[in-house]
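Below is the file input32.pdb, which contains PDB, C-alpha atoms.
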```pdb
ATOM      1  CA  MET A   1       2.742  11.580  24.276
ATOM      2  CA  ASP A   2       1.649   8.767  21.976
ATOM      3  CA  THR A   3      -0.814  10.198  19.444
ATOM      4  CA  LEU A   4      -3.111   8.390  17.049
ATOM      5  CA  HIS A   5      -0.738   9.579  14.318
ATOM      6  CA  ASP A   6       2.167   7.792  16.056
ATOM      7  CA  ARG A   7       0.096   4.610  16.434
ATOM      8  CA  ILE A   8      -0.821   4.602  12.755
ATOM      9  CA  ASN A   9       2.781   5.233  11.714
ATOM     10  CA  ARG A  10       3.848   2.150  13.649
ATOM     11  CA  VAL A  11       1.304  -0.250  12.170
ATOM     12  CA  ILE A  12       0.840   1.028   8.631
ATOM     13  CA  HIS A  13       3.523  -1.277   7.191
ATOM     14  CA  THR A  14       2.291  -4.431   8.917
ATOM     15  CA  SER A  15       0.720  -7.053   6.727
ATOM     16  CA  ALA A  16      -2.033  -7.547   9.334
ATOM     17  CA  PHE A  17      -3.084  -3.889   9.002
ATOM     18  CA  GLU A  18      -3.089  -4.099   5.213
ATOM     19  CA  HIS A  19      -4.998  -7.372   5.337
ATOM     20  CA  VAL A  20      -7.849  -5.948   7.450
ATOM     21  CA  LEU A  21      -8.222  -2.922   5.161
ATOM     22  CA  GLU A  22      -8.256  -5.206   2.125
ATOM     23  CA  GLN A  23     -10.852  -7.491   3.722
ATOM     24  CA  ARG A  24     -13.061  -4.478   4.419
ATOM     25  CA  GLY A  25     -12.628  -3.170   0.859
ATOM     26  CA  ILE A  26     -10.801  -0.028   1.989
ATOM     27  CA  ASP A  27      -7.892   1.341  -0.032
ATOM     28  CA  LEU A  28      -4.847   2.520   1.919
ATOM     29  CA  ILE A  29      -5.121   5.845   0.066
ATOM     30  CA  GLU A  30      -8.665   6.309   1.317
ATOM     31  CA  PHE A  31      -7.482   5.572   4.854
ATOM     32  CA  GLN A  32      -4.564   8.039   4.557
ATOM     33  CA  CYS A  33      -6.934  10.728   3.263
ATOM     34  CA  THR A  34      -9.622  10.379   5.904
ATOM     35  CA  TRP A  35      -8.499   8.954   9.265
ATOM     36  CA  ASP A  36      -7.674  12.275  10.954
ATOM     37  CA  LYS A  37     -10.680  14.145   9.608
ATOM     38  CA  ILE A  38     -13.052  11.451  10.827
ATOM     39  CA  SER A  39     -11.417  11.039  14.214
ATOM     40  CA  GLY A  40      -9.966  14.451  15.082
ATOM     41  CA  GLY A  41      -7.103  12.436  16.543
ATOM     42  CA  ASP A  42      -9.384  10.352  18.790
ATOM     43  CA  PHE A  43      -9.075   6.603  18.260
ATOM     44  CA  ASP A  44     -12.584   5.953  19.599
ATOM     45  CA  LYS A  45     -14.121   8.140  16.892
ATOM     46  CA  LEU A  46     -12.652   6.061  14.063
ATOM     47  CA  PRO A  47     -14.935   3.670  12.156
ATOM     48  CA  GLN A  48     -14.878   0.098  13.420
ATOM     49  CA  SER A  49     -12.925  -1.103  10.362
ATOM     50  CA  TYR A  50     -10.146   1.462  10.920
ATOM     51  CA  ARG A  51      -9.936   0.655  14.641
ATOM     52  CA  GLU A  52      -9.763  -3.049  13.912
ATOM     53  CA  ALA A  53      -6.960  -2.569  11.358
ATOM     54  CA  ILE A  54      -4.905  -0.559  13.877
ATOM     55  CA  LEU A  55      -5.477  -2.995  16.730
ATOM     56  CA  VAL A  56      -4.662  -6.025  14.593
ATOM     57  CA  GLY A  57      -1.551  -4.222  13.317
ATOM     58  CA  GLU A  58      -0.469  -3.556  16.905
ATOM     59  CA  GLU A  59      -1.017  -7.196  17.810
ATOM     60  CA  ASP A  60       1.096  -8.139  14.801
ATOM     61  CA  LEU A  61       3.899  -5.834  15.927
ATOM     62  CA  HIS A  62       3.686  -7.133  19.462
ATOM     63  CA  GLY A  63       3.921 -10.689  18.225
ATOM     64  CA  CYS A  64       7.015  -9.849  16.130
ATOM     65  CA  LYS A  65       8.736  -8.345  19.150
ATOM     66  CA  GLU A  66       8.077 -11.405  21.306
ATOM     67  CA  ILE A  67       9.607 -13.690  18.694
ATOM     68  CA  ALA A  68      12.690 -11.472  18.367
ATOM     69  CA  LEU A  69      13.319 -11.496  22.131
ATOM     70  CA  ALA A  70      13.000 -15.263  22.409
TER
ATOM     71  CA  MET B   1       8.652  18.536 -16.051
ATOM     72  CA  ALA B   2       6.370  16.040 -14.304
ATOM     73  CA  VAL B   3       3.684  14.274 -16.287
ATOM     74  CA  ASN B   4       0.665  12.264 -15.228
ATOM     75  CA  LEU B   5       2.233   8.811 -15.320
ATOM     76  CA  ILE B   6      -1.112   7.174 -14.549
ATOM     77  CA  GLN B   7      -2.611   8.511 -17.771
ATOM     78  CA  ASP B   8       0.550   8.827 -19.849
ATOM     79  CA  ARG B   9       1.430   5.120 -19.759
ATOM     80  CA  SER B  10      -0.537   1.905 -19.625
ATOM     81  CA  PRO B  11      -0.669   0.368 -16.118
ATOM     82  CA  ALA B  12       1.503  -2.527 -17.355
ATOM     83  CA  GLU B  13       4.139  -0.170 -18.792
ATOM     84  CA  LEU B  14       4.221   1.924 -15.631
ATOM     85  CA  LYS B  15       4.452  -1.151 -13.418
ATOM     86  CA  LYS B  16       7.343  -2.447 -15.507
ATOM     87  CA  GLU B  17       9.216   0.852 -15.214
ATOM     88  CA  ILE B  18       8.641   1.035 -11.465
ATOM     89  CA  THR B  19       9.637  -2.605 -10.948
ATOM     90  CA  GLY B  20      12.836  -2.066 -12.946
ATOM     91  CA  ILE B  21      13.896   0.726 -10.575
ATOM     92  CA  VAL B  22      12.713  -1.050  -7.410
ATOM     93  CA  GLU B  23      14.713  -4.186  -8.267
ATOM     94  CA  LYS B  24      17.917  -2.128  -8.316
ATOM     95  CA  ASP B  25      17.111  -0.414  -5.018
ATOM     96  CA  LEU B  26      19.008  -2.458  -2.434
ATOM     97  CA  ARG B  27      18.144  -0.282   0.565
ATOM     98  CA  ALA B  28      16.413  -1.915   3.538
ATOM     99  CA  LEU B  29      13.091  -0.169   3.010
ATOM    100  CA  PRO B  30       9.470  -1.325   2.857
ATOM    101  CA  GLY B  31       8.159  -2.054  -0.637
ATOM    102  CA  THR B  32       5.865   1.004  -0.606
ATOM    103  CA  ALA B  33       8.868   3.251   0.130
ATOM    104  CA  LYS B  34      10.820   1.826  -2.801
ATOM    105  CA  ILE B  35       7.841   2.292  -5.110
ATOM    106  CA  PHE B  36       7.637   5.945  -4.048
ATOM    107  CA  ALA B  37      11.373   6.371  -4.675
ATOM    108  CA  ALA B  38      10.913   4.882  -8.159
ATOM    109  CA  VAL B  39       8.022   7.215  -9.001
ATOM    110  CA  ALA B  40       9.998  10.188  -7.623
ATOM    111  CA  ARG B  41      12.884   9.246  -9.903
ATOM    112  CA  LEU B  42      10.591   8.935 -12.963
ATOM    113  CA  GLN B  43       9.175  12.413 -12.217
ATOM    114  CA  GLU B  44      12.650  13.813 -11.367
ATOM    115  CA  PHE B  45      11.251  14.754  -7.950
ATOM    116  CA  ASP B  46      14.393  13.310  -6.346
ATOM    117  CA  ARG B  47      16.725  16.000  -7.694
ATOM    118  CA  LEU B  48      18.504  18.225  -5.200
ATOM    119  CA  PRO B  49      16.730  21.258  -3.749
ATOM    120  CA  GLU B  50      18.174  24.761  -3.844
ATOM    121  CA  MET B  51      19.903  26.249  -0.800
ATOM    122  CA  ALA B  52      19.913  29.837   0.423
ATOM    123  CA  ASP B  53      21.208  32.017   3.241
ATOM    124  CA  PRO B  54      18.781  33.068   6.021
ATOM    125  CA  GLU B  55      18.540  36.583   4.569
ATOM    126  CA  ARG B  56      17.368  35.215   1.213
ATOM    127  CA  ILE B  57      14.889  32.880   2.927
ATOM    128  CA  ASN B  58      13.483  35.857   4.880
ATOM    129  CA  GLN B  59      13.165  37.719   1.591
ATOM    130  CA  PHE B  60      11.289  34.807  -0.025
ATOM    131  CA  ILE B  61       8.864  34.815   2.913
ATOM    132  CA  MET B  62       8.351  38.574   2.657
ATOM    133  CA  GLU B  63       7.576  38.042  -1.037
ATOM    134  CA  GLY B  64       4.778  35.662  -0.059
ATOM    135  CA  CYS B  65       6.394  32.214  -0.164
ATOM    136  CA  LYS B  66       5.153  29.727   2.411
ATOM    137  CA  GLU B  67       7.663  29.031   5.195
ATOM    138  CA  LEU B  68       7.971  25.403   6.211
ATOM    139  CA  GLN B  69      10.047  23.524   8.765
ATOM    140  CA  ARG B  70      11.046  19.925   9.198
ATOM    141  CA  GLY B  71      11.961  18.213  12.446
ATOM    142  CA  ILE B  72      14.463  15.365  12.317
ATOM    143  CA  SER B  73      15.495  13.169  15.228
ATOM    144  CA  PRO B  74      18.315  10.630  15.490
ATOM    145  CA  SER B  75      17.428   6.970  15.252
ATOM    146  CA  ASP B  76      19.239   3.657  15.485
ATOM    147  CA  GLY B  77      22.461   5.477  16.352
ATOM    148  CA  VAL B  78      22.346   7.653  13.240
ATOM    149  CA  PRO B  79      22.629  11.355  14.188
ATOM    150  CA  ALA B  80      19.890  13.726  13.053
ATOM    151  CA  GLU B  81      22.474  15.860  11.254
ATOM    152  CA  LEU B  82      23.269  13.010   8.896
ATOM    153  CA  TYR B  83      19.585  12.593   7.978
ATOM    154  CA  ALA B  84      19.355  16.369   7.493
ATOM    155  CA  ARG B  85      22.389  16.429   5.168
ATOM    156  CA  GLU B  86      20.932  13.555   3.150
ATOM    157  CA  LEU B  87      17.584  15.316   2.830
ATOM    158  CA  ILE B  88      19.114  18.487   1.410
ATOM    159  CA  GLY B  89      22.092  17.098  -0.462
ATOM    160  CA  GLY B  90      21.955  13.327  -0.759
ATOM    161  CA  THR B  91      19.797  10.519  -2.056
ATOM    162  CA  LEU B  92      16.103  10.974  -1.402
ATOM    163  CA  HIS B  93      15.258   8.546   1.404
ATOM    164  CA  PRO B  94      11.577   7.685   1.497
ATOM    165  CA  GLY B  95      10.217   7.504   5.001
ATOM    166  CA  THR B  96       8.507   4.710   6.838
ATOM    167  CA  LYS B  97       6.080   6.888   8.815
ATOM    168  CA  ILE B  98       3.385   7.339   6.242
ATOM    169  CA  ALA B  99       0.086   8.025   8.005
ATOM    170  CA  TYR B 100      -0.443  10.777   5.414
ATOM    171  CA  GLY B 101       1.379   9.000   2.604
ATOM    172  CA  GLN B 102       4.961   8.981   1.370
ATOM    173  CA  GLY B 103       6.740  12.329   1.039
ATOM    174  CA  ILE B 104       8.617  14.977   2.996
ATOM    175  CA  TYR B 105       6.567  16.075   6.012
ATOM    176  CA  LEU B 106       6.852  19.760   6.887
ATOM    177  CA  SER B 107       4.851  22.236   8.945
ATOM    178  CA  THR B 108       4.312  25.971   9.094
ATOM    179  CA  PRO B 109       5.918  27.719  12.099
ATOM    180  CA  SER B 110       3.689  29.331  14.703
ATOM    181  CA  ILE B 111       5.681  30.258  17.791
ATOM    182  CA  ASP B 112       8.378  32.892  18.373
ATOM    183  CA  GLY B 113      11.883  31.656  17.725
ATOM    184  CA  ASN B 114      13.715  34.815  18.793
ATOM    185  CA  LEU B 115      16.626  33.995  16.483
ATOM    186  CA  PRO B 116      17.531  35.884  13.289
ATOM    187  CA  GLU B 117      17.718  32.560  11.391
ATOM    188  CA  PHE B 118      14.532  31.267  13.043
ATOM    189  CA  PRO B 119      12.190  34.195  13.753
ATOM    190  CA  LYS B 120       9.445  31.591  14.170
ATOM    191  CA  ILE B 121       9.565  27.903  15.023
ATOM    192  CA  SER B 122       7.147  25.130  14.209
ATOM    193  CA  GLU B 123       5.958  23.314  17.300
ATOM    194  CA  VAL B 124       5.245  20.216  15.241
ATOM    195  CA  ALA B 125       8.771  20.228  13.742
ATOM    196  CA  ARG B 126      10.284  20.748  17.191
ATOM    197  CA  HIS B 127       8.202  17.881  18.577
ATOM    198  CA  TYR B 128       9.536  15.512  15.915
ATOM    199  CA  ALA B 129      13.125  16.733  16.413
ATOM    200  CA  CYS B 130      13.009  16.152  20.153
ATOM    201  CA  SER B 131      14.315  12.732  21.116
ATOM    202  CA  PRO B 132      15.931  10.999  24.109
ATOM    203  CA  ASP B 133      18.370   9.378  21.648
ATOM    204  CA  GLY B 134      20.346  12.549  20.928
ATOM    205  CA  ALA B 135      20.170  16.080  19.573
ATOM    206  CA  GLY B 136      17.587  16.772  16.890
ATOM    207  CA  ILE B 137      17.548  19.173  13.962
ATOM    208  CA  VAL B 138      14.929  21.600  12.659
ATOM    209  CA  LEU B 139      15.369  22.595   9.033
ATOM    210  CA  ARG B 140      13.865  25.787   7.638
ATOM    211  CA  CYS B 141      12.804  26.157   4.030
ATOM    212  CA  ILE B 142      10.302  27.811   1.741
ATOM    213  CA  LEU B 143       7.937  26.390  -0.817
ATOM    214  CA  LYS B 144       8.554  27.969  -4.199
ATOM    215  CA  ARG B 145       5.820  30.384  -5.108
ATOM    216  CA  GLU B 146       4.818  28.572  -8.316
ATOM    217  CA  VAL B 147       4.142  25.278  -6.491
ATOM    218  CA  GLN B 148       0.465  24.437  -6.140
ATOM    219  CA  LEU B 149      -0.534  22.369  -3.121
ATOM    220  CA  LEU B 150      -3.563  20.141  -3.342
ATOM    221  CA  GLU B 151      -5.938  19.124  -0.585
ATOM    222  CA  ARG B 152      -6.162  15.420   0.179
ATOM    223  CA  GLU B 153      -9.822  15.426  -0.856
ATOM    224  CA  ASP B 154      -8.753  16.470  -4.367
ATOM    225  CA  ILE B 155      -6.278  13.602  -4.573
ATOM    226  CA  LEU B 156      -8.878  11.163  -3.271
ATOM    227  CA  GLU B 157     -11.193  12.293  -6.048
ATOM    228  CA  HIS B 158      -8.449  11.664  -8.632
ATOM    229  CA  PHE B 159      -7.780   8.285  -7.057
ATOM    230  CA  ARG B 160     -11.436   7.242  -7.277
ATOM    231  CA  GLU B 161     -11.318   7.978 -11.010
ATOM    232  CA  GLU B 162      -8.015   6.149 -11.519
ATOM    233  CA  ARG B 163      -8.318   3.415  -8.888
ATOM    234  CA  ASN B 164      -8.006   0.481 -11.248
ATOM    235  CA  ARG B 165      -5.092   1.895 -13.251
ATOM    236  CA  ALA B 166      -3.221   2.801 -10.052
ATOM    237  CA  ARG B 167      -3.800  -0.640  -8.547
ATOM    238  CA  GLN B 168      -2.697  -2.360 -11.749
ATOM    239  CA  ALA B 169       0.492  -0.284 -11.728
ATOM    240  CA  GLY B 170       1.148  -1.389  -8.135
ATOM    241  CA  ILE B 171       0.519   2.018  -6.550
ATOM    242  CA  SER B 172      -1.341   1.916  -3.236
ATOM    243  CA  ASP B 173       0.019   4.853  -1.229
ATOM    244  CA  LEU B 174      -1.344   8.421  -1.181
ATOM    245  CA  GLY B 175       1.969  10.247  -1.713
ATOM    246  CA  THR B 176       3.065   7.823  -4.398
ATOM    247  CA  PHE B 177      -0.226   8.159  -6.257
ATOM    248  CA  ALA B 178      -0.098  11.968  -6.050
ATOM    249  CA  ALA B 179       3.516  11.998  -7.276
ATOM    250  CA  ALA B 180       2.581   9.659 -10.134
ATOM    251  CA  CYS B 181      -0.151  12.128 -11.116
ATOM    252  CA  GLY B 182       2.526  14.836 -11.247
ATOM    253  CA  PHE B 183       1.476  16.747  -8.124
ATOM    254  CA  GLN B 184       4.304  18.327  -6.135
ATOM    255  CA  GLY B 185       2.678  18.269  -2.720
ATOM    256  CA  TYR B 186      -0.477  18.416  -0.650
ATOM    257  CA  SER B 187      -1.763  19.974   2.483
ATOM    258  CA  CYS B 188      -2.922  18.093   5.582
ATOM    259  CA  ASP B 189      -4.379  18.987   8.911
ATOM    260  CA  GLY B 190      -5.171  17.166  12.093
ATOM    261  CA  ILE B 191      -1.662  15.998  12.920
ATOM    262  CA  ALA B 192      -1.720  18.083  16.088
ATOM    263  CA  PRO B 193      -5.296  19.173  16.741
ATOM    264  CA  LYS B 194      -4.255  21.635  19.445
ATOM    265  CA  HIS B 195      -1.986  23.542  17.043
ATOM    266  CA  GLU B 196      -2.857  25.936  14.276
ATOM    267  CA  GLU B 197       0.078  24.737  12.202
ATOM    268  CA  GLU B 198      -0.517  23.459   8.697
ATOM    269  CA  VAL B 199       1.165  20.204   7.783
ATOM    270  CA  VAL B 200       2.361  19.851   4.203
ATOM    271  CA  VAL B 201       3.593  16.735   2.438
ATOM    272  CA  VAL B 202       6.035  17.689  -0.314
ATOM    273  CA  LEU B 203       6.665  15.087  -3.001
ATOM    274  CA  ASP B 204       9.049  17.065  -5.209
ATOM    275  CA  ARG B 205      12.227  17.991  -3.353
ATOM    276  CA  THR B 206      13.015  20.665  -5.929
ATOM    277  CA  ALA B 207       9.844  22.529  -4.869
ATOM    278  CA  LEU B 208      11.741  23.620  -1.732
ATOM    279  CA  VAL B 209      14.566  26.065  -1.031
ATOM    280  CA  PHE B 210      16.364  25.115   2.190
ATOM    281  CA  GLN B 211      18.074  27.510   4.557
ATOM    282  CA  ARG B 212      21.793  26.823   5.007
ATOM    283  CA  VAL B 213      21.489  27.240   8.783
ATOM    284  CA  ALA B 214      19.565  24.665  10.818
ATOM    285  CA  LEU B 215      18.503  24.683  14.442
ATOM    286  CA  GLN B 216      19.802  22.066  16.851
ATOM    287  CA  ILE B 217      17.292  20.812  19.415
ATOM    288  CA  PRO B 218      18.808  19.490  22.663
ATOM    289  CA  GLN B 219      18.427  15.850  23.597
ATOM    290  CA  LYS B 220      15.278  15.150  25.567
ATOM    291  CA  ALA B 221      15.753  13.741  29.074
ATOM    292  CA  ARG B 222      14.760  10.085  29.398
TER
END
```

Please render this file's structure as structure tokens.
Amino acid sequence: MDTLHDRINRVIHTSAFEHVLEQRGIDLIEFQCTWDKISGGDFDKLPQSYREAILVGEEDLHGCKEIALA
Amino acid sequence: MAVNLIQDRSPAELKKEITGIVEKDLRALPGTAKIFAAVARLQEFDRLPEMADPERINQFIMEGCKELQRGISPSDGVPAELYARELIGGTLHPGTKIAYGQGIYLSTPSIDGNLPEFPKISEVARHYACSPDGAGIVLRCILKREVQLLEREDILEHFREERNRARQAGISDLGTFAAACGFQGYSCDGIAPKHEEEVVVVLDRTALVFQRVALQIPQKAR
């Protein structure tokens, strides 16, 4: 089962994820300290900025994969 | 003995020390992982942990030490056993799965193991050991009694006070910041909301005593 924890682990190193957090003025440390407490593991309960960072990170990963296969 | 590197050195000095170590680290790891490895080296958190027989581990637990377990799965063709041997007797390999920050992720066991060497098993550790790529490993260890675990809220409070110095030193990860402050580990929850198990991130490998006997978890069907 793919948990929110797994999703975050996949995107946390992407530059797109980091970029969104930086744009929103959120430190990675603050994110690492709070995401599970805020959400209880439910993506939909995360603040908009956190959700956006994860989704953009996933898009970034997806894009990387497509380039590698081509 | 660990010191608070954030306060003990100027941000420029600390950054220079970290960069000097990172530049010599030729492993294929993300930058944040190499920075953690550098801080762990400066704090001597990368030294080898102690090992003990199951009987001694049981004794530690009876004396009140916290039991912890770690699940390891194979990846990219590397067997879990190799990762396990490296964790207890090799170079400290920082991870890449850092939702809770850099460090060694462990959890408290909650279900019956029915084995003398594993009277209880952590469901979280077993979950992370279970893989379709091959057999996994669950390691059993204890946290030394003198080790104080922090809560993440406490570290966040420290970070808010030291944000600028940490940033200037190039530290942006929770585990790395906590290690730089000299903390040996911290407690987390929420990794598996349905479980009662506590998840602990240990930064100082010498804070642990590992059991010499591990548990092999069969390969998961694809």

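Straight-line separation from CA of Gly170 (chain B) to CA of Phe17 (chain A): 17.8 Å.
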
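Interatomic distance, CA of Ala16 (chain A) to CA of Phe31 (chain A): 14.9 Å.
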
7 Å contacts from chain A to chain B using all atoms listed in the file, as a ChimeraX atom specification: /A:5,8-9,28-30,32-33,36-37,40-41

Where does the PyMOL selection byres ((chain B and resi 52) around 10) land in this file, that is, which residues does it pick, as a ChimeraX atom specification? /B:50-51,53-58,60,141-142,209-213

Within 12 Å of region 56-63 of chain A, counting only C-alpha atoms, which residues show up once you throw out same-chain ones fewer than 5 positions away? Write them as a CSV table (one decimal) with C-alpha atoms, in the frame of the given file, please.
```csv
chain,number,residue,atom,x,y,z
A,6,ASP,CA,2.2,7.8,16.1
A,7,ARG,CA,0.1,4.6,16.4
A,8,ILE,CA,-0.8,4.6,12.8
A,9,ASN,CA,2.8,5.2,11.7
A,10,ARG,CA,3.8,2.2,13.6
A,11,VAL,CA,1.3,-0.2,12.2
A,12,ILE,CA,0.8,1.0,8.6
A,13,HIS,CA,3.5,-1.3,7.2
A,14,THR,CA,2.3,-4.4,8.9
A,15,SER,CA,0.7,-7.1,6.7
A,16,ALA,CA,-2.0,-7.5,9.3
A,17,PHE,CA,-3.1,-3.9,9.0
A,18,GLU,CA,-3.1,-4.1,5.2
A,19,HIS,CA,-5.0,-7.4,5.3
A,20,VAL,CA,-7.8,-5.9,7.4
A,21,LEU,CA,-8.2,-2.9,5.2
A,48,GLN,CA,-14.9,0.1,13.4
A,49,SER,CA,-12.9,-1.1,10.4
A,50,TYR,CA,-10.1,1.5,10.9
A,51,ARG,CA,-9.9,0.7,14.6
A,68,ALA,CA,12.7,-11.5,18.4
A,69,LEU,CA,13.3,-11.5,22.1
A,70,ALA,CA,13.0,-15.3,22.4
```
